[in-house]
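K.L.:
Dropping in start_9.txt, with compact mmCIF, C-alpha atoms and all ligand atoms.
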```
# COMPACT_ATOMS: atom_id res chain seq x y z
CA MET L 1 0.00 0.00 0.00
CA GLY L 2 1.22 3.50 -0.83
CA ASP L 3 0.91 6.26 1.71
CA LYS L 4 -1.72 8.09 -0.31
CA ARG L 5 -3.81 10.13 2.13
CA VAL L 6 -7.50 9.91 1.68
CA GLN L 7 -8.96 13.38 1.70
CA ARG L 8 -11.96 13.60 3.97
CA HIS L 9 -15.12 15.04 2.48
CA VAL L 10 -17.56 17.03 4.58
CA LEU L 11 -20.95 18.55 3.88
CA VAL L 12 -21.50 22.04 5.30
CA THR L 13 -25.13 23.19 5.31
CA GLY L 14 -25.55 26.96 5.45
CA GLY L 15 -21.94 27.45 4.35
CA ALA L 16 -22.75 30.70 2.55
CA GLY L 17 -23.87 32.23 5.85
CA TYR L 18 -21.87 33.98 8.54
CA ILE L 19 -20.63 31.12 10.71
CA GLY L 20 -20.78 28.36 8.11
CA SER L 21 -18.57 30.31 5.69
CA HIS L 22 -15.88 30.79 8.35
CA VAL L 23 -15.94 27.12 9.28
CA ALA L 24 -15.98 25.96 5.65
CA ARG L 25 -12.93 28.09 4.96
CA LEU L 26 -11.08 26.73 7.99
CA LEU L 27 -11.93 23.16 6.97
CA ILE L 28 -10.52 23.69 3.47
CA GLU L 29 -7.39 25.25 4.98
CA SER L 30 -7.14 22.17 7.21
CA GLY L 31 -7.19 19.76 4.26
CA TYR L 32 -10.85 18.77 4.02
CA ASP L 33 -12.87 18.55 0.82
CA VAL L 34 -15.93 20.70 1.41
CA THR L 35 -19.35 20.66 -0.22
CA VAL L 36 -21.66 23.49 0.80
CA ILE L 37 -25.43 23.45 0.44
CA ASP L 38 -27.19 26.77 0.91
CA LEU L 39 -30.39 28.54 -0.16
CA LEU L 40 -28.49 31.80 -0.77
CA ARG L 41 -31.36 34.37 -0.87
CA GLU L 42 -34.12 31.99 -1.97
CA LYS L 43 -36.98 30.90 0.32
CA GLY L 44 -35.89 33.16 3.17
CA GLY L 45 -32.22 32.20 2.89
CA THR L 46 -29.59 34.70 3.99
CA GLY L 47 -26.47 33.32 2.29
CA ASN L 48 -24.04 35.16 0.03
CA ARG L 49 -22.36 33.57 -2.97
CA TRP L 50 -19.24 35.67 -2.37
CA ALA L 51 -18.89 34.13 1.10
CA LEU L 52 -18.35 30.63 -0.32
CA PRO L 53 -14.76 29.59 0.25
CA LYS L 54 -12.51 29.07 -2.74
CA GLY L 55 -12.30 25.38 -3.53
CA ALA L 56 -15.69 24.38 -2.06
CA ASN L 57 -18.21 22.48 -4.17
CA PHE L 58 -21.54 24.26 -4.08
CA VAL L 59 -25.08 22.93 -4.21
CA HIS L 60 -27.75 25.62 -4.37
CA GLY L 61 -30.81 24.40 -2.52
CA ASP L 62 -32.66 23.47 0.64
CA CYS L 63 -30.94 20.99 2.94
CA GLY L 64 -34.35 19.67 3.97
CA ASP L 65 -35.49 18.99 0.40
CA PRO L 66 -35.75 15.21 -0.14
CA ALA L 67 -34.70 15.52 -3.81
CA ARG L 68 -31.54 17.43 -2.87
CA LEU L 69 -30.81 14.97 -0.07
CA GLU L 70 -31.09 12.10 -2.51
CA GLU L 71 -28.58 13.84 -4.79
CA LEU L 72 -26.21 14.30 -1.88
CA PHE L 73 -26.56 11.02 -0.03
CA GLY L 74 -28.00 8.65 -2.62
CA LYS L 75 -31.37 6.90 -2.74
CA PRO L 76 -32.47 5.07 0.40
CA SER L 77 -32.41 1.34 -0.39
CA SER L 78 -35.82 -0.39 -0.31
CA SER L 79 -34.84 -2.61 2.61
CA SER L 80 -33.42 0.26 4.57
CA GLY L 81 -35.36 3.17 5.88
CA ARG L 82 -34.35 2.23 9.39
CA ALA L 83 -31.12 2.62 11.20
CA GLY L 84 -29.18 -0.56 11.63
CA SER L 85 -29.60 -1.66 8.02
CA ALA L 86 -26.55 -1.81 5.77
CA PRO L 87 -25.20 1.66 5.07
CA ARG L 88 -25.13 2.88 1.47
CA GLU L 89 -21.98 4.17 -0.17
CA GLU L 90 -20.41 6.69 2.21
CA LYS L 91 -19.90 9.90 0.34
CA PHE L 92 -19.42 12.23 3.27
CA ASP L 93 -17.22 11.70 6.29
CA ALA L 94 -19.13 14.31 8.25
CA VAL L 95 -22.02 16.75 8.08
CA LEU L 96 -21.70 20.15 9.75
CA HIS L 97 -25.18 21.59 10.01
CA PHE L 98 -25.43 25.39 10.21
CA ALA L 99 -28.46 26.03 7.99
CA ALA L 100 -31.28 27.61 9.98
CA PHE L 101 -33.30 30.76 10.51
CA ILE L 102 -31.78 32.54 13.48
CA LEU L 103 -33.64 35.69 14.54
CA VAL L 104 -35.34 35.50 17.93
CA ASP L 105 -37.87 38.30 17.31
CA GLU L 106 -38.80 36.87 13.90
CA SER L 107 -39.29 33.45 15.47
CA VAL L 108 -41.74 34.96 17.95
CA ARG L 109 -43.73 36.47 15.07
CA GLU L 110 -43.46 33.52 12.67
CA PRO L 111 -42.98 30.36 14.74
CA ALA L 112 -44.23 27.96 12.06
CA ARG L 113 -41.53 29.08 9.62
CA TYR L 114 -38.93 28.46 12.30
CA TYR L 115 -40.16 25.00 13.21
CA GLU L 116 -40.42 24.09 9.51
CA ASN L 117 -36.96 25.26 8.54
CA ASN L 118 -35.06 24.50 11.72
CA VAL L 119 -36.74 21.31 12.93
CA VAL L 120 -38.33 19.59 9.93
CA SER L 121 -35.36 20.28 7.62
CA SER L 122 -32.91 19.05 10.26
CA LEU L 123 -34.90 15.87 10.73
CA ARG L 124 -34.80 15.12 7.01
CA LEU L 125 -31.10 15.95 6.80
CA PHE L 126 -30.09 13.89 9.84
CA GLU L 127 -32.21 10.95 8.79
CA ALA L 128 -30.63 10.96 5.32
CA ALA L 129 -27.13 11.33 6.78
CA THR L 130 -27.49 8.59 9.38
CA LEU L 131 -29.11 6.19 6.92
CA ALA L 132 -26.25 6.87 4.51
CA GLY L 133 -23.83 5.92 7.27
CA VAL L 134 -22.21 9.34 7.64
CA PRO L 135 -19.94 8.78 10.65
CA HIS L 136 -19.98 12.25 12.24
CA ILE L 137 -22.36 15.18 12.65
CA VAL L 138 -21.59 18.61 14.13
CA PHE L 139 -24.68 20.67 14.90
CA SER L 140 -24.97 24.43 15.54
CA SER L 141 -27.03 24.79 18.67
CA THR L 142 -27.38 27.85 20.80
CA ALA L 143 -27.39 29.35 24.27
CA ALA L 144 -31.01 30.20 23.50
CA THR L 145 -31.87 26.58 24.38
CA TYR L 146 -31.22 27.42 28.05
CA GLY L 147 -33.72 30.27 28.32
CA GLU L 148 -33.28 32.23 31.54
CA ALA L 149 -29.98 31.42 33.22
CA THR L 150 -30.24 29.46 36.45
CA SER L 151 -26.64 30.19 37.40
CA GLU L 152 -23.98 32.86 36.77
CA LEU L 153 -22.17 30.64 34.29
CA ILE L 154 -24.31 28.09 32.50
CA ALA L 155 -22.95 24.54 32.33
CA GLU L 156 -24.10 22.04 29.72
CA ASP L 157 -26.22 20.09 32.19
CA SER L 158 -28.16 23.21 33.23
CA LEU L 159 -31.90 23.25 32.79
CA GLN L 160 -32.89 23.91 29.18
CA ARG L 161 -36.12 25.87 29.08
CA PRO L 162 -36.09 28.10 25.97
CA VAL L 163 -38.13 31.30 26.11
CA ASN L 164 -38.68 31.77 22.39
CA PRO L 165 -39.53 29.58 19.36
CA TYR L 166 -36.01 29.92 17.94
CA GLY L 167 -34.47 28.40 21.08
CA ALA L 168 -37.22 25.79 21.26
CA SER L 169 -36.62 24.76 17.66
CA LYS L 170 -32.92 24.23 18.37
CA LEU L 171 -33.63 22.24 21.53
CA MET L 172 -35.95 19.96 19.56
CA VAL L 173 -33.17 19.34 17.05
CA GLU L 174 -30.74 18.52 19.87
CA ARG L 175 -33.15 15.88 21.10
CA MET L 176 -33.76 14.47 17.63
CA LEU L 177 -30.05 14.29 16.95
CA SER L 178 -29.44 12.35 20.17
CA ASP L 179 -32.23 9.90 19.39
CA LEU L 180 -31.36 9.38 15.72
CA THR L 181 -27.69 8.78 16.39
CA THR L 182 -28.25 6.51 19.40
CA ALA L 183 -29.70 4.00 16.98
CA THR L 184 -26.73 4.23 14.56
CA ALA L 185 -22.93 4.29 14.42
CA THR L 186 -22.91 8.08 13.89
CA ASN L 187 -21.44 10.18 16.68
CA PHE L 188 -22.19 13.89 17.05
CA VAL L 189 -21.19 17.10 18.75
CA GLY L 190 -23.75 19.81 19.37
CA LEU L 191 -22.09 23.17 19.96
CA ARG L 192 -24.16 25.67 21.91
CA TYR L 193 -22.84 29.02 20.77
CA PHE L 194 -23.23 32.04 22.96
CA ASN L 195 -22.91 35.32 21.00
CA PRO L 196 -20.69 35.11 17.92
CA ALA L 197 -19.34 38.38 16.51
CA GLY L 198 -16.34 39.77 14.63
CA ALA L 199 -15.05 38.87 11.20
CA HIS L 200 -12.32 36.85 9.52
CA ARG L 201 -8.86 38.42 9.85
CA SER L 202 -8.63 38.71 6.03
CA LEU L 203 -11.82 40.81 6.06
CA GLU L 204 -12.96 38.71 3.10
CA ILE L 205 -15.91 37.29 5.00
CA GLY L 206 -18.06 38.46 7.88
CA GLN L 207 -21.67 38.84 8.87
CA ALA L 208 -23.75 40.29 6.02
CA ARG L 209 -27.32 39.18 6.35
CA PRO L 210 -30.37 41.35 5.80
CA SER L 211 -32.11 42.75 8.91
CA ALA L 212 -29.41 41.57 11.31
CA SER L 213 -30.42 42.25 14.88
CA HIS L 214 -27.44 41.03 16.90
CA LEU L 215 -25.97 43.81 19.00
CA VAL L 216 -22.31 43.89 17.91
CA ASN L 217 -23.46 43.75 14.32
CA VAL L 218 -25.94 46.59 14.75
CA ALA L 219 -23.43 48.74 16.65
CA ALA L 220 -20.72 48.13 14.02
CA GLU L 221 -23.12 48.92 11.17
CA THR L 222 -24.09 52.13 12.94
CA ALA L 223 -20.47 53.15 13.53
CA ALA L 224 -19.76 52.44 9.84
CA GLY L 225 -22.69 54.64 8.76
CA LEU L 226 -24.96 51.83 7.56
CA ARG L 227 -27.59 52.62 10.22
CA THR L 228 -28.54 55.82 12.00
CA LYS L 229 -28.71 54.65 15.64
CA VAL L 230 -28.48 51.78 18.09
CA MET L 231 -31.54 50.83 20.13
CA ILE L 232 -31.18 49.39 23.62
CA PHE L 233 -34.14 47.08 24.19
CA GLY L 234 -34.79 47.36 27.90
CA ASP L 235 -32.69 49.14 30.53
CA ASP L 236 -34.68 47.87 33.50
CA TYR L 237 -33.25 44.36 33.76
CA ASP L 238 -31.86 43.15 37.06
CA THR L 239 -28.23 43.73 36.03
CA ASP L 240 -25.63 46.33 37.11
CA ASP L 241 -26.48 48.87 34.40
CA GLY L 242 -30.00 47.57 33.70
CA THR L 243 -29.15 46.18 30.23
CA CYS L 244 -28.87 42.54 29.16
CA LEU L 245 -25.64 40.59 29.60
CA ARG L 246 -24.23 38.32 26.90
CA ASP L 247 -21.08 36.27 26.41
CA TYR L 248 -19.55 37.45 23.09
CA ILE L 249 -17.23 35.12 21.22
CA HIS L 250 -14.99 35.94 18.26
CA ILE L 251 -15.98 34.15 15.06
CA GLU L 252 -12.48 32.74 14.52
CA ASP L 253 -12.48 31.11 17.96
CA LEU L 254 -15.93 29.73 17.19
CA ALA L 255 -14.75 28.34 13.85
CA ALA L 256 -11.79 26.67 15.58
CA ALA L 257 -14.20 24.99 18.01
CA HIS L 258 -15.76 23.15 15.05
CA LEU L 259 -12.43 21.81 13.91
CA HIS L 260 -11.74 20.58 17.46
CA ALA L 261 -15.19 18.96 17.52
CA LEU L 262 -14.61 17.18 14.23
CA LYS L 263 -11.20 15.86 15.29
CA TYR L 264 -12.72 14.66 18.55
CA LEU L 265 -15.42 12.76 16.66
CA GLU L 266 -12.91 11.33 14.21
CA GLY L 267 -10.94 10.07 17.20
CA GLY L 268 -14.01 8.17 18.40
CA GLY L 269 -15.24 10.72 20.94
CA ALA L 270 -18.63 10.08 22.50
CA SER L 271 -21.59 12.14 21.33
CA ASP L 272 -22.01 15.22 23.47
CA PHE L 273 -22.99 18.89 23.77
CA PHE L 274 -20.55 21.70 24.49
CA ASN L 275 -20.94 25.39 25.24
CA VAL L 276 -18.86 27.77 23.15
CA GLY L 277 -18.30 31.03 24.96
CA TYR L 278 -15.64 32.75 27.06
CA GLY L 279 -17.50 32.84 30.35
CA ARG L 280 -17.28 36.62 30.73
CA PRO L 281 -20.52 38.46 29.96
CA TYR L 282 -20.76 42.11 28.87
CA SER L 283 -23.76 44.39 29.05
CA VAL L 284 -25.38 46.09 26.07
CA ARG L 285 -23.97 49.41 27.29
CA GLU L 286 -20.46 47.96 27.59
CA VAL L 287 -20.62 46.73 23.99
CA ILE L 288 -21.81 50.14 22.78
CA ASP L 289 -19.01 51.88 24.71
CA SER L 290 -16.41 49.50 23.28
CA MET L 291 -17.70 50.00 19.72
CA LYS L 292 -17.62 53.79 20.13
CA LYS L 293 -14.05 53.58 21.46
CA VAL L 294 -12.58 51.30 18.77
CA SER L 295 -14.39 53.04 15.90
CA GLY L 296 -13.89 56.60 17.15
CA VAL L 297 -17.53 57.29 16.21
CA ASP L 298 -19.96 58.68 18.79
CA PHE L 299 -23.19 57.32 17.26
CA PRO L 300 -26.70 57.95 18.61
CA VAL L 301 -28.17 55.46 21.10
CA GLU L 302 -31.84 55.25 22.13
CA THR L 303 -33.66 53.16 24.71
CA ALA L 304 -36.81 51.21 23.87
CA PRO L 305 -38.96 48.72 25.81
CA ARG L 306 -37.76 45.12 26.27
CA ARG L 307 -38.19 42.71 23.35
CA SER L 308 -40.12 39.54 24.08
CA GLY L 309 -37.98 36.45 24.47
CA ASP L 310 -34.75 38.17 25.63
CA PRO L 311 -33.29 36.64 28.82
CA ALA L 312 -31.47 39.10 31.12
CA ARG L 313 -28.22 37.19 31.32
CA LEU L 314 -26.52 34.43 29.33
CA ALA L 315 -22.91 33.42 29.91
CA ALA L 316 -21.21 30.10 29.28
CA ASN L 317 -19.27 27.94 31.60
CA PRO L 318 -16.61 26.99 29.02
CA GLU L 319 -14.76 24.48 31.19
CA LYS L 320 -16.01 21.37 29.38
CA ILE L 321 -15.08 22.35 25.82
CA GLN L 322 -11.63 23.39 26.98
CA ARG L 323 -11.09 20.19 28.92
CA VAL L 324 -12.63 17.63 26.56
CA LEU L 325 -12.04 19.16 23.12
CA GLY L 326 -8.85 21.05 24.02
CA TRP L 327 -10.28 24.30 22.59
CA LYS L 328 -8.47 27.46 23.65
CA PRO L 329 -9.75 30.96 22.88
CA GLU L 330 -7.32 33.29 21.10
CA HIS L 331 -9.39 36.46 20.64
CA ASN L 332 -10.92 36.79 24.07
CA SER L 333 -11.40 40.56 24.32
CA LEU L 334 -14.48 42.70 23.75
CA ASP L 335 -12.45 45.46 22.09
CA THR L 336 -10.85 42.92 19.71
CA ILE L 337 -14.26 41.59 18.75
CA CYS L 338 -15.76 45.05 18.25
CA ARG L 339 -12.74 46.27 16.26
CA SER L 340 -12.84 43.22 14.00
CA HIS L 341 -16.57 43.63 13.38
CA PHE L 342 -16.26 47.39 12.77
CA GLN L 343 -13.42 46.95 10.25
CA TRP L 344 -15.56 44.42 8.42
CA GLU L 345 -18.59 46.73 8.30
CA LYS L 346 -16.44 49.58 6.98
CA LYS L 347 -15.20 47.33 4.21
CA ARG L 348 -18.73 46.06 3.54
CA ARG L 349 -19.91 49.62 3.16
CA GLU L 350 -17.07 50.52 0.79
CA GLU L 351 -17.56 47.41 -1.33
CA LYS L 352 -21.38 47.37 -1.05
CA LEU L 353 -21.40 43.69 -0.01
N1 LIG X 1 -25.26 34.12 14.75
C1 LIG X 1 -25.55 33.82 16.01
O1 LIG X 1 -25.55 34.69 16.88
C2 LIG X 1 -25.80 32.38 16.42
C3 LIG X 1 -25.85 32.07 17.79
C4 LIG X 1 -26.10 30.75 18.16
C5 LIG X 1 -26.30 29.78 17.20
N2 LIG X 1 -26.27 30.13 15.89
C6 LIG X 1 -26.53 29.07 14.90
O2 LIG X 1 -25.48 29.09 13.94
C7 LIG X 1 -26.00 28.69 12.67
C8 LIG X 1 -25.49 29.65 11.63
O3 LIG X 1 -25.93 30.97 11.95
P1 LIG X 1 -25.39 32.24 11.17
O4 LIG X 1 -25.22 33.34 12.15
O5 LIG X 1 -24.26 31.87 10.31
O6 LIG X 1 -26.68 32.59 10.29
P2 LIG X 1 -26.76 33.05 8.76
O7 LIG X 1 -28.17 33.47 8.55
O8 LIG X 1 -25.66 33.99 8.41
O9 LIG X 1 -26.48 31.68 7.99
C9 LIG X 1 -27.44 30.67 7.86
C10 LIG X 1 -27.26 30.10 6.47
O10 LIG X 1 -28.13 28.98 6.31
C11 LIG X 1 -28.78 29.08 5.06
N3 LIG X 1 -30.03 28.32 5.18
C12 LIG X 1 -31.06 28.54 6.03
N4 LIG X 1 -31.98 27.57 5.89
C13 LIG X 1 -31.52 26.73 4.93
C14 LIG X 1 -32.00 25.53 4.34
N5 LIG X 1 -33.17 25.00 4.72
N6 LIG X 1 -31.25 24.92 3.39
C15 LIG X 1 -30.06 25.44 3.01
N7 LIG X 1 -29.55 26.57 3.51
C16 LIG X 1 -30.27 27.21 4.47
C17 LIG X 1 -28.96 30.55 4.82
O11 LIG X 1 -29.15 30.87 3.45
C18 LIG X 1 -27.64 31.10 5.37
O12 LIG X 1 -26.63 31.12 4.39
C19 LIG X 1 -27.50 28.60 12.81
O13 LIG X 1 -27.86 27.25 12.94
C20 LIG X 1 -27.79 29.33 14.11
O14 LIG X 1 -28.94 28.84 14.75
C21 LIG X 1 -26.03 31.40 15.47
```
Render the structure in this file as structure tokens.
P.N.:
Amino acid sequence: MGDKRVQRHVLVTGGAGYIGSHVARLLIESGYDVTVIDLLREKGGTGNRWALPKGANFVHGDCGDPARLEELFGKPSSSSGRAGSAPREEKFDAVLHFAAFILVDESVREPARYYENNVVSSLRLFEAATLAGVPHIVFSSTAATYGEATSELIAEDSLQRPVNPYGASKLMVERMLSDLTTATATNFVGLRYFNPAGAHRSLEIGQARPSASHLVNVAAETAAGLRTKVMIFGDDYDTDDGTCLRDYIHIEDLAAAHLHALKYLEGGGASDFFNVGYGRPYSVREVIDSMKKVSGVDFPVETAPRRSGDPARLAANPEKIQRVLGWKPEHNSLDTICRSHFQWEKKRREEKL
């Protein structure tokens, strides 16, 4: 036998979106063959063709569409249909599933769309992947599955009681993933992200979705002149300055967590869920102050009533991901995150991305 290395092939759903595009790029840089499936701007999709990494194969479509799934994974054999039957030809070594709708306020207004796209599509995707014998799945979950924090730093075994349909949809997928993979040889990691922000160091990719509502994004867009003001939704929470606390994590650290998760699974790691955060929450006002400082722009800020479905405080206990996956943050500073996001928004404005 020669020492020819077999290149591993992974499917990245939602790889034209913010987080998926960063992870897809890192996977290609790390020697993986990557196929991305994404809706781009069809059917409520938020992906950008320019965000696709060089060298990725691209399938334009819905990752919950049975016809697309058959193209990707092959036709289920007549005798199969249930886990435990002989796997078909294994085309993918892993599926990393990012594709979803992600806005909390939208999910409160349009819950059915969220359950359809986040839960039903994931079920179809995971069923196709497990029946095809895909060995590993990495799933994008969220701190929103916890709902209101029951402790200062939330550990993975904390109570999960989501307070909005977005978080509920993700919790349902966590449960489905556990059940579907228990009956098969597939192992999985579910990563519960806290608040991703910032952009790739090259400034070639970053967050660029319509009607973004995440705070760092909104503040950076405002500092870059893409919006007129930042709204604070609620300043009467039971926190030091009355505004909500969140655990912000730099997108490059988040992308690295996926690579650690995949290596862990490839090494035979047991299926599990991990928080991805730094464990140091910042208030809305602290983020605004940091953005003003790093951008040098004193933009207008207004206060409005609370939004429904916003917990007062969410911060990760990151001990488990550091211990088990060996993940170590490299960009753990609010100013670094805000600067990175601001530089990206300035570029986005100049290049009209
Ligand atoms: N951004 C955050 O703050 C955050 C926090 C926690 C968890 N997450 C999770 O991370 C994942 C990625 O989020 P993001 O911030 O990159 O969002 P995004 O909107 O930038 O990217 C989502 C991508 O998925 C695509 N997509 C959606 N539904 C699809 C479908 N059915 N088929 C194919 N493509 C589809 C969209 O077109 C888009 O490109 C999501 O699962 C989200 O729930 C995000």
K.L.:
Please tabulate, as JSON lines, the residues of region 51-149 of chain L that come within 10 Å of region 170-190 of chain L, each with its closest pair of atoms and the distance in Å to one decimal, counting all atoms listed in the file and ordering rows by chain, then residue number upward.
P.N.:
```
{"residue": "L:Arg82", "atom": "CA", "partner": "L:Ala183", "partner_atom": "CA", "distance": 9.1}
{"residue": "L:Ala83", "atom": "CA", "partner": "L:Thr184", "partner_atom": "CA", "distance": 5.8}
{"residue": "L:Gly84", "atom": "CA", "partner": "L:Thr184", "partner_atom": "CA", "distance": 6.1}
{"residue": "L:Ser85", "atom": "CA", "partner": "L:Thr184", "partner_atom": "CA", "distance": 9.3}
{"residue": "L:Pro87", "atom": "CA", "partner": "L:Thr184", "partner_atom": "CA", "distance": 10.0}
{"residue": "L:Ala94", "atom": "CA", "partner": "L:Thr186", "partner_atom": "CA", "distance": 9.2}
{"residue": "L:Val95", "atom": "CA", "partner": "L:Phe188", "partner_atom": "CA", "distance": 9.4}
{"residue": "L:Leu96", "atom": "CA", "partner": "L:Val189", "partner_atom": "CA", "distance": 9.5}
{"residue": "L:His97", "atom": "CA", "partner": "L:Gly190", "partner_atom": "CA", "distance": 9.6}
{"residue": "L:Ala100", "atom": "CA", "partner": "L:Lys170", "partner_atom": "CA", "distance": 9.2}
{"residue": "L:Ile102", "atom": "CA", "partner": "L:Lys170", "partner_atom": "CA", "distance": 9.7}
{"residue": "L:Tyr114", "atom": "CA", "partner": "L:Lys170", "partner_atom": "CA", "distance": 9.5}
{"residue": "L:Tyr115", "atom": "CA", "partner": "L:Lys170", "partner_atom": "CA", "distance": 8.9}
{"residue": "L:Asn118", "atom": "CA", "partner": "L:Lys170", "partner_atom": "CA", "distance": 7.0}
{"residue": "L:Val119", "atom": "CA", "partner": "L:Val173", "partner_atom": "CA", "distance": 5.8}
{"residue": "L:Val120", "atom": "CA", "partner": "L:Val173", "partner_atom": "CA", "distance": 8.8}
{"residue": "L:Ser121", "atom": "CA", "partner": "L:Val173", "partner_atom": "CA", "distance": 9.7}
{"residue": "L:Ser122", "atom": "CA", "partner": "L:Val173", "partner_atom": "CA", "distance": 6.8}
{"residue": "L:Leu123", "atom": "CA", "partner": "L:Met176", "partner_atom": "CA", "distance": 7.1}
{"residue": "L:Phe126", "atom": "CA", "partner": "L:Leu177", "partner_atom": "CA", "distance": 7.1}
{"residue": "L:Glu127", "atom": "CA", "partner": "L:Leu180", "partner_atom": "CA", "distance": 7.2}
{"residue": "L:Ala129", "atom": "CA", "partner": "L:Thr186", "partner_atom": "CA", "distance": 8.9}
{"residue": "L:Thr130", "atom": "CA", "partner": "L:Thr186", "partner_atom": "CA", "distance": 6.4}
{"residue": "L:Leu131", "atom": "CA", "partner": "L:Thr184", "partner_atom": "CA", "distance": 8.2}
{"residue": "L:Gly133", "atom": "CA", "partner": "L:Thr186", "partner_atom": "CA", "distance": 7.0}
{"residue": "L:Val134", "atom": "CA", "partner": "L:Thr186", "partner_atom": "CA", "distance": 6.4}
{"residue": "L:Pro135", "atom": "CA", "partner": "L:Thr186", "partner_atom": "CA", "distance": 4.5}
{"residue": "L:His136", "atom": "CA", "partner": "L:Asn187", "partner_atom": "CA", "distance": 5.1}
{"residue": "L:Ile137", "atom": "CA", "partner": "L:Phe188", "partner_atom": "CA", "distance": 4.6}
{"residue": "L:Val138", "atom": "CA", "partner": "L:Val189", "partner_atom": "CA", "distance": 4.9}
{"residue": "L:Phe139", "atom": "CA", "partner": "L:Gly190", "partner_atom": "CA", "distance": 4.6}
{"residue": "L:Ser140", "atom": "CA", "partner": "L:Gly190", "partner_atom": "CA", "distance": 6.1}
{"residue": "L:Ser141", "atom": "CA", "partner": "L:Lys170", "partner_atom": "CA", "distance": 5.9}
{"residue": "L:Thr142", "atom": "CA", "partner": "L:Lys170", "partner_atom": "CA", "distance": 7.0}
{"residue": "L:Ala143", "atom": "CA", "partner": "L:Lys170", "partner_atom": "CA", "distance": 9.6}
{"residue": "L:Ala144", "atom": "CA", "partner": "L:Lys170", "partner_atom": "CA", "distance": 8.1}
{"residue": "L:Thr145", "atom": "CA", "partner": "L:Leu171", "partner_atom": "CA", "distance": 5.5}
{"residue": "L:Tyr146", "atom": "CA", "partner": "L:Leu171", "partner_atom": "CA", "distance": 8.7}
```
K.L.:
Around region 93-108 of chain L, fit a box with edges along x, y and z, padding it by 5 Å on each side, then list its centre and edge lengths in Å to one decimal as JSON.
P.N.:
```
{"center_x": -29.5, "center_y": 25.0, "center_z": 12.1, "size_x": 34.5, "size_y": 36.6, "size_z": 21.7}
```
K.L.:
Restricting the calculation to all atoms listed in the file, which member of L:Asp241, L:Glu204, L:Asp65, L:Asp33 is positioned closest to ligand LIG 1 (chain X)?
P.N.:
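For ligand LIG 1 (chain X), the nearest of the given residues is L:Asp65.
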K.L.:
Could you give me, as an MDAnalysis selection string, the residues within 12 Å of Tyr193 (chain L), counting only C-alpha atoms and dropping anything in the same chain fewer than 4 positions from it?
P.N.:
chainID L and resid 19 98 139:146 154 156 167 170 197 246:251 253:255 257:258 273:279 314:318 321
K.L.:
Pick from L:Tyr32, L:Trp50, L:Phe299, L:Tyr264: nearest to Gly225 (chain L), with only C-alpha atoms counted?
P.N.:
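For Gly225 (chain L), the nearest of the given residues is L:Phe299.
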K.L.:
Need to verify the contact set: Glu29 (chain L), 10 Å, only C-alpha atoms, exclusion of same-chain residues closer than 5 positions in sequence. Can you return it as a PDB file with C-alpha atoms, keeping the file's coordinate frame?
P.N.:
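Heads up, here's the output in part.pdb:
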```pdb
ATOM      1  CA  VAL L  23     -15.940  27.120   9.280  1.00  0.00           C
ATOM      2  CA  ALA L  24     -15.980  25.960   5.650  1.00  0.00           C
ATOM      3  CA  PRO L  53     -14.760  29.590   0.250  1.00  0.00           C
ATOM      4  CA  GLY L  55     -12.300  25.380  -3.530  1.00  0.00           C
TER       5      GLY L  55
END
```
K.L.:
Which value, in Å to one decimal, gives the distance between CA of Glu106 (chain L) and CA of Tyr166 (chain L)?
P.N.:
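So the two atoms, CA of Glu106 (chain L) and CA of Tyr166 (chain L), lie 8.5 Å apart.
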K.L.:
Of the residues L:Arg8, L:Arg280, L:Lys54, L:Arg68, which is the one nearest to ligand LIG 1 (chain X), using all atoms listed in the file?
P.N.:
L:Arg68
